[in-house]
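Structure first, then comments.
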Amino acid sequence: MENDAPLAWVGVDAVAERAYRLLLARDSTTVDDVVAALGVTADEGLAVLERLHHAGLMSRRSSGEFFTVDPRHALRALVESRERQLAAVRNAAGPLGALFDAARRARDGGPGTGVISGLEAVGDRYYRLKQTARTELCALDRPPFLLAPNEPLDEAAVRRGVRVRAVYAAASFEADGGWQELGNLVSRGEEARVVPALPIKLAMADRSAAMVSLSLSVGSAEYLYTESPPLLEALGEFFENYWSVASPLTEGTDCRTLPGETAAGTDRARQPTDEERTLLALFAAGVKDEAIARQLGISPRTLRRRIQDLFAELGATNRFGAGLAAARRNWI
């Protein structure tokens with residue numbers, strides 16, 4: 001792979017790389033060009049171009065033509081993205097190792113730490129943990145959900161003055177109604193952010209007690225409960241690492257009205273709307289178009305049109321370019 005297809009290290013498969021190398025010499029290209037160059041079907045040729053487009057290596061015009069992006073810039077961005085991902089994995093090793101050690105000690109009956117098994121027992125401890133919070137609740141959440149996703153106990157905590165911060169995996173939005181329920185919680189005071197994926201589920205109250213998933217199997221529940229200060233410190237750092245890189249969701253956002261459907265102009269100095277900021281956050285978190293469309297109750301075609309409106313506002317042709325343009329405007 002190192003010699004024949006080096007771009008595989010940044011997620012570009014060998015067929016797409018071969019096409020990219022052939023197309024670098026062209027000012028523009030179409031599906032027919034790829035079909036002729038690679039000897040593939042029209043559907044396969046379009047799929048190759050779409051993969052290159054998604055990776056930020058090609059831009060797409062409304063005419064259907066594709067244009068190669070300068071690899072000195074596009075590949076640097078891909079490498080930097082992969083480096084951030086690898087750094088997140090590396091940073092997770094220490095805290096996860098601490099969880100492993102604590103779980104093994106807990107089975108021997110260590111003070112303040114223990115393993116809880118079974119949906120009923122885990123659910124009971126989960127509720128009691130949240131009810132004891134007085135200043136802060138921190139959570140990392142992802143499917144499968146123990147109870148209902150984004151269940152309303154968080155809202156009760158907010159009402160009594162508890163700061164609630166939650167980081168959600170992008171897969172949380174694939175469940176029916178998940179996006180609307182989260183939007184309701186954000187509008188009532190929860191601080192929510194999104195990342196592409198999470199390795200564990202975590203709930204921590206006041207940095208004095210926490211629950212961490214030991215199993216992510218559907219239909220089963222096994223959690224580590226701890227009041228151990230060293231372990232709580234490690235879990236706190238683990239949460240803050242994810243919180244610092246996650247994409248924020250803003251109050252009052254439901255993404256139902258996007259650029260192109262408002263009276264907003266194209267003044268480049270203006271601030272983004274909540275809808276624009278949230279859609280950019282979902283892009284950064286890697287939420288798929290199908291999941292976004294399903295949560296909004298609109299067709300994929302309608303969503304694509306709305307996304308194109310946002311791209312037009314930012315002068316971009318893909319998610320990668322939109323992110324760069326938004327960053328230049330200090331929108332994200």
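Labels for the structure tokens follow display order: chains A, B, ..., residues from 1 in each chain, ligands from 1.
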
May I have all residues of region 21-181 of chain A that DSSP, computed from the backbone, assigns to strand (DSSP E), given as number ranges by chain?
A: 58-60, 66-68, 113-117, 136-141, 163-169

Print the selection's residues with N, CA and C atoms to a file, as an mmCIF file, in the first residue's frame.
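Generated output (result-v5.cif):
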```
data_model
loop_
_atom_site.group_PDB
_atom_site.id
_atom_site.type_symbol
_atom_site.label_atom_id
_atom_site.label_comp_id
_atom_site.auth_asym_id
_atom_site.auth_seq_id
_atom_site.Cartn_x
_atom_site.Cartn_y
_atom_site.Cartn_z
ATOM 1 N N MET A 58 -11.567 16.963 -5.248
ATOM 2 C CA MET A 58 -12.184 17.518 -6.450
ATOM 3 C C MET A 58 -13.351 18.389 -6.040
ATOM 4 N N SER A 59 -13.608 19.406 -6.833
ATOM 5 C CA SER A 59 -14.777 20.249 -6.627
ATOM 6 C C SER A 59 -15.782 19.968 -7.741
ATOM 7 N N ARG A 60 -17.038 20.281 -7.478
ATOM 8 C CA ARG A 60 -18.096 19.968 -8.447
ATOM 9 C C ARG A 60 -18.884 21.226 -8.754
ATOM 10 N N PHE A 66 -16.456 18.094 -12.907
ATOM 11 C CA PHE A 66 -15.617 18.031 -11.722
ATOM 12 C C PHE A 66 -14.263 18.659 -12.044
ATOM 13 N N PHE A 67 -13.683 19.333 -11.062
ATOM 14 C CA PHE A 67 -12.388 19.989 -11.223
ATOM 15 C C PHE A 67 -11.465 19.505 -10.112
ATOM 16 N N THR A 68 -10.234 19.150 -10.474
ATOM 17 C CA THR A 68 -9.278 18.701 -9.468
ATOM 18 C C THR A 68 -8.807 19.880 -8.632
ATOM 19 N N THR A 113 -16.123 1.707 44.281
ATOM 20 C CA THR A 113 -16.149 1.335 42.873
ATOM 21 C C THR A 113 -16.741 -0.062 42.731
ATOM 22 N N GLY A 114 -17.573 -0.237 41.721
ATOM 23 C CA GLY A 114 -18.164 -1.552 41.519
ATOM 24 C C GLY A 114 -18.789 -1.666 40.146
ATOM 25 N N VAL A 115 -19.052 -2.883 39.734
ATOM 26 C CA VAL A 115 -19.679 -3.165 38.450
ATOM 27 C C VAL A 115 -21.166 -3.417 38.665
ATOM 28 N N ILE A 116 -21.992 -2.752 37.874
ATOM 29 C CA ILE A 116 -23.441 -2.898 37.936
ATOM 30 C C ILE A 116 -23.904 -3.561 36.650
ATOM 31 N N SER A 117 -24.694 -4.601 36.784
ATOM 32 C CA SER A 117 -25.152 -5.343 35.611
ATOM 33 C C SER A 117 -26.672 -5.414 35.596
ATOM 34 N N GLU A 136 -22.925 20.203 38.354
ATOM 35 C CA GLU A 136 -22.574 19.877 36.980
ATOM 36 C C GLU A 136 -22.891 18.417 36.658
ATOM 37 N N LEU A 137 -23.388 18.215 35.441
ATOM 38 C CA LEU A 137 -23.541 16.881 34.861
ATOM 39 C C LEU A 137 -22.776 16.858 33.550
ATOM 40 N N CYS A 138 -21.914 15.866 33.379
ATOM 41 C CA CYS A 138 -21.177 15.701 32.126
ATOM 42 C C CYS A 138 -21.519 14.334 31.547
ATOM 43 N N ALA A 139 -21.689 14.272 30.235
ATOM 44 C CA ALA A 139 -22.069 13.003 29.628
ATOM 45 C C ALA A 139 -21.435 12.836 28.257
ATOM 46 N N LEU A 140 -21.079 11.601 27.945
ATOM 47 C CA LEU A 140 -20.751 11.170 26.592
ATOM 48 C C LEU A 140 -21.831 10.160 26.218
ATOM 49 N N ASP A 141 -22.550 10.412 25.131
ATOM 50 C CA ASP A 141 -23.701 9.566 24.824
ATOM 51 C C ASP A 141 -23.667 9.082 23.386
ATOM 52 N N ARG A 163 -25.355 22.757 35.657
ATOM 53 C CA ARG A 163 -24.839 22.906 34.302
ATOM 54 C C ARG A 163 -24.753 21.526 33.662
ATOM 55 N N VAL A 164 -25.434 21.340 32.541
ATOM 56 C CA VAL A 164 -25.452 20.049 31.858
ATOM 57 C C VAL A 164 -24.693 20.181 30.547
ATOM 58 N N ARG A 165 -23.622 19.389 30.423
ATOM 59 C CA ARG A 165 -22.840 19.359 29.181
ATOM 60 C C ARG A 165 -22.829 17.938 28.642
ATOM 61 N N ALA A 166 -23.149 17.792 27.378
ATOM 62 C CA ALA A 166 -23.205 16.463 26.779
ATOM 63 C C ALA A 166 -22.561 16.474 25.404
ATOM 64 N N VAL A 167 -21.780 15.435 25.127
ATOM 65 C CA VAL A 167 -21.196 15.218 23.808
ATOM 66 C C VAL A 167 -21.870 13.986 23.216
ATOM 67 N N TYR A 168 -22.446 14.149 22.023
ATOM 68 C CA TYR A 168 -23.170 13.064 21.378
ATOM 69 C C TYR A 168 -22.397 12.551 20.168
ATOM 70 N N ALA A 169 -22.448 11.241 19.963
ATOM 71 C CA ALA A 169 -21.926 10.661 18.733
ATOM 72 C C ALA A 169 -22.908 10.946 17.605
#
```

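Look at Asp33 (chain A): the protein and nucleic acid residues within 9 Å of it, using only C-alpha atoms and passing over chain neighbours fewer than 5 places away, are A:Leu23, A:Leu38, A:Gly45.
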
Selected residues, N, CA, C and O atoms, written as an mmCIF file, in the first residue's frame, please.
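Heads up, here's the output in out38.cif:
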```
data_model
loop_
_atom_site.group_PDB
_atom_site.id
_atom_site.type_symbol
_atom_site.label_atom_id
_atom_site.label_comp_id
_atom_site.auth_asym_id
_atom_site.auth_seq_id
_atom_site.Cartn_x
_atom_site.Cartn_y
_atom_site.Cartn_z
ATOM 1 N N LEU A 23 -6.677 12.245 -13.659
ATOM 2 C CA LEU A 23 -7.444 13.471 -13.877
ATOM 3 C C LEU A 23 -6.688 14.738 -13.500
ATOM 4 O O LEU A 23 -7.144 15.843 -13.815
ATOM 5 N N LEU A 38 -10.930 4.506 -17.135
ATOM 6 C CA LEU A 38 -10.806 3.354 -16.252
ATOM 7 C C LEU A 38 -11.505 2.103 -16.775
ATOM 8 O O LEU A 38 -11.329 1.019 -16.223
ATOM 9 N N GLY A 45 -18.150 5.066 -12.375
ATOM 10 C CA GLY A 45 -17.390 6.287 -12.609
ATOM 11 C C GLY A 45 -17.889 7.435 -11.754
ATOM 12 O O GLY A 45 -17.096 8.202 -11.187
#
```

Selection: 10 Å around region 212-225 of chain A, only C-alpha atoms, excl. self and same-chain fewer than 4 positions, as a PyMOL selection string:
chain A and resi 99-100+102-103+106-107+112-123+125-126+129+139-140+142-146+199-204+235

I need the residues from that last selection saved to file as a short mmCIF file (atom, residue, chain, number, x, y, z; two decimals), in the first residue's frame (with N, CA and C atoms), if you can.
```cif
data_model
loop_
_atom_site.label_atom_id
_atom_site.label_comp_id
_atom_site.auth_asym_id
_atom_site.auth_seq_id
_atom_site.Cartn_x
_atom_site.Cartn_y
_atom_site.Cartn_z
N LEU A 99 -9.69 2.84 33.08
CA LEU A 99 -10.99 2.18 33.21
C LEU A 99 -10.82 0.67 33.29
N PHE A 100 -9.94 0.14 32.45
CA PHE A 100 -9.69 -1.30 32.44
C PHE A 100 -9.17 -1.77 33.80
N ALA A 102 -9.45 -0.21 36.69
CA ALA A 102 -10.45 0.00 37.74
C ALA A 102 -11.53 -1.07 37.70
N ALA A 103 -11.92 -1.47 36.50
CA ALA A 103 -12.94 -2.50 36.37
C ALA A 103 -12.47 -3.82 36.96
N ALA A 106 -12.51 -3.49 40.63
CA ALA A 106 -13.87 -3.43 41.16
C ALA A 106 -14.45 -4.82 41.38
N ARG A 107 -14.07 -5.77 40.57
CA ARG A 107 -14.60 -7.13 40.71
C ARG A 107 -14.09 -7.79 42.00
N GLY A 112 -15.86 2.13 46.97
CA GLY A 112 -16.32 3.23 46.14
C GLY A 112 -16.42 2.92 44.68
N THR A 113 -16.12 1.71 44.28
CA THR A 113 -16.15 1.34 42.87
C THR A 113 -16.74 -0.06 42.73
N GLY A 114 -17.57 -0.24 41.72
CA GLY A 114 -18.16 -1.55 41.52
C GLY A 114 -18.79 -1.67 40.15
N VAL A 115 -19.05 -2.88 39.73
CA VAL A 115 -19.68 -3.16 38.45
C VAL A 115 -21.17 -3.42 38.66
N ILE A 116 -21.99 -2.75 37.87
CA ILE A 116 -23.44 -2.90 37.94
C ILE A 116 -23.90 -3.56 36.65
N SER A 117 -24.69 -4.60 36.78
CA SER A 117 -25.15 -5.34 35.61
C SER A 117 -26.67 -5.41 35.60
N GLY A 118 -27.23 -5.47 34.40
CA GLY A 118 -28.68 -5.60 34.24
C GLY A 118 -29.33 -4.25 33.99
N LEU A 119 -30.30 -4.22 33.07
CA LEU A 119 -30.94 -2.97 32.69
C LEU A 119 -31.61 -2.26 33.86
N GLU A 120 -32.31 -3.03 34.71
CA GLU A 120 -33.02 -2.40 35.83
C GLU A 120 -32.07 -1.79 36.84
N ALA A 121 -31.02 -2.53 37.22
CA ALA A 121 -30.07 -2.02 38.20
C ALA A 121 -29.29 -0.83 37.66
N VAL A 122 -28.88 -0.91 36.39
CA VAL A 122 -28.14 0.19 35.79
C VAL A 122 -29.03 1.42 35.67
N GLY A 123 -30.28 1.23 35.22
CA GLY A 123 -31.19 2.35 35.09
C GLY A 123 -31.46 3.04 36.41
N ARG A 125 -29.45 3.15 39.08
CA ARG A 125 -28.27 3.90 39.51
C ARG A 125 -28.07 5.15 38.64
N TYR A 126 -28.40 5.03 37.36
CA TYR A 126 -28.27 6.16 36.43
C TYR A 126 -29.16 7.33 36.87
N LEU A 129 -27.81 8.86 40.12
CA LEU A 129 -26.61 9.66 39.87
C LEU A 129 -26.99 11.05 39.41
N ALA A 139 -21.69 14.27 30.23
CA ALA A 139 -22.07 13.00 29.63
C ALA A 139 -21.43 12.84 28.26
N LEU A 140 -21.08 11.60 27.95
CA LEU A 140 -20.75 11.17 26.59
C LEU A 140 -21.83 10.16 26.22
N ARG A 142 -24.08 7.84 23.18
CA ARG A 142 -24.11 7.22 21.88
C ARG A 142 -25.04 6.01 21.96
N PRO A 143 -25.51 5.53 20.83
CA PRO A 143 -26.31 4.30 20.87
C PRO A 143 -25.42 3.11 21.25
N PRO A 144 -26.02 2.01 21.76
CA PRO A 144 -27.44 1.87 22.07
C PRO A 144 -27.80 2.62 23.34
N PHE A 145 -29.03 3.18 23.38
CA PHE A 145 -29.43 3.98 24.52
C PHE A 145 -29.98 3.09 25.63
N LEU A 146 -29.56 3.39 26.86
CA LEU A 146 -30.01 2.63 28.02
C LEU A 146 -31.50 2.84 28.24
N PRO A 199 -16.14 6.10 21.96
CA PRO A 199 -15.83 4.71 22.31
C PRO A 199 -16.60 4.18 23.50
N ILE A 200 -17.12 5.07 24.35
CA ILE A 200 -17.82 4.66 25.57
C ILE A 200 -19.00 5.59 25.82
N LYS A 201 -19.84 5.20 26.79
CA LYS A 201 -20.88 6.06 27.33
C LYS A 201 -20.47 6.45 28.74
N LEU A 202 -20.71 7.70 29.10
CA LEU A 202 -20.27 8.20 30.40
C LEU A 202 -21.30 9.16 30.96
N ALA A 203 -21.55 9.07 32.27
CA ALA A 203 -22.35 10.06 32.98
C ALA A 203 -21.62 10.36 34.28
N MET A 204 -21.38 11.64 34.56
CA MET A 204 -20.60 12.02 35.74
C MET A 204 -21.26 13.20 36.43
N LEU A 235 -11.44 10.40 34.19
CA LEU A 235 -12.67 10.50 33.40
C LEU A 235 -12.98 11.96 33.05
#
```

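The closest residue to Ala205 (chain A), picked from A:Arg159, A:Thr135, A:Arg193, A:Ser228 and counting only C-alpha atoms, is A:Thr135.
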
Among the residues of region 32-247 of chain A, find those DSSP assigns to alpha helix (DSSP H) from the backbone and print them as a PyMOL selection string.
chain A and resi 32-38+42-54+71-106+119-132+153-159+178-187+229-245

Closest to Phe283 (chain A) among A:Trp243, A:Pro248, A:Thr41, A:Val35, using only C-alpha atoms?
A:Pro248

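When only C-alpha atoms are used to compute distances to Ser247 (chain A), the closest of the residues A:Leu198, A:Ala192, A:Met211, A:Ala157 turns out to be A:Ala192.
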
Straight-line distance linking CA of Pro229 (chain A) with CA of Gly97 (chain A), stated in Å to one decimal
15.8 Å

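Between Ala93 (chain A) and the residues A:Arg61, A:Val40, A:Val69, A:Phe238, the shortest atom-to-atom distance, using only C-alpha atoms, involves A:Phe238.
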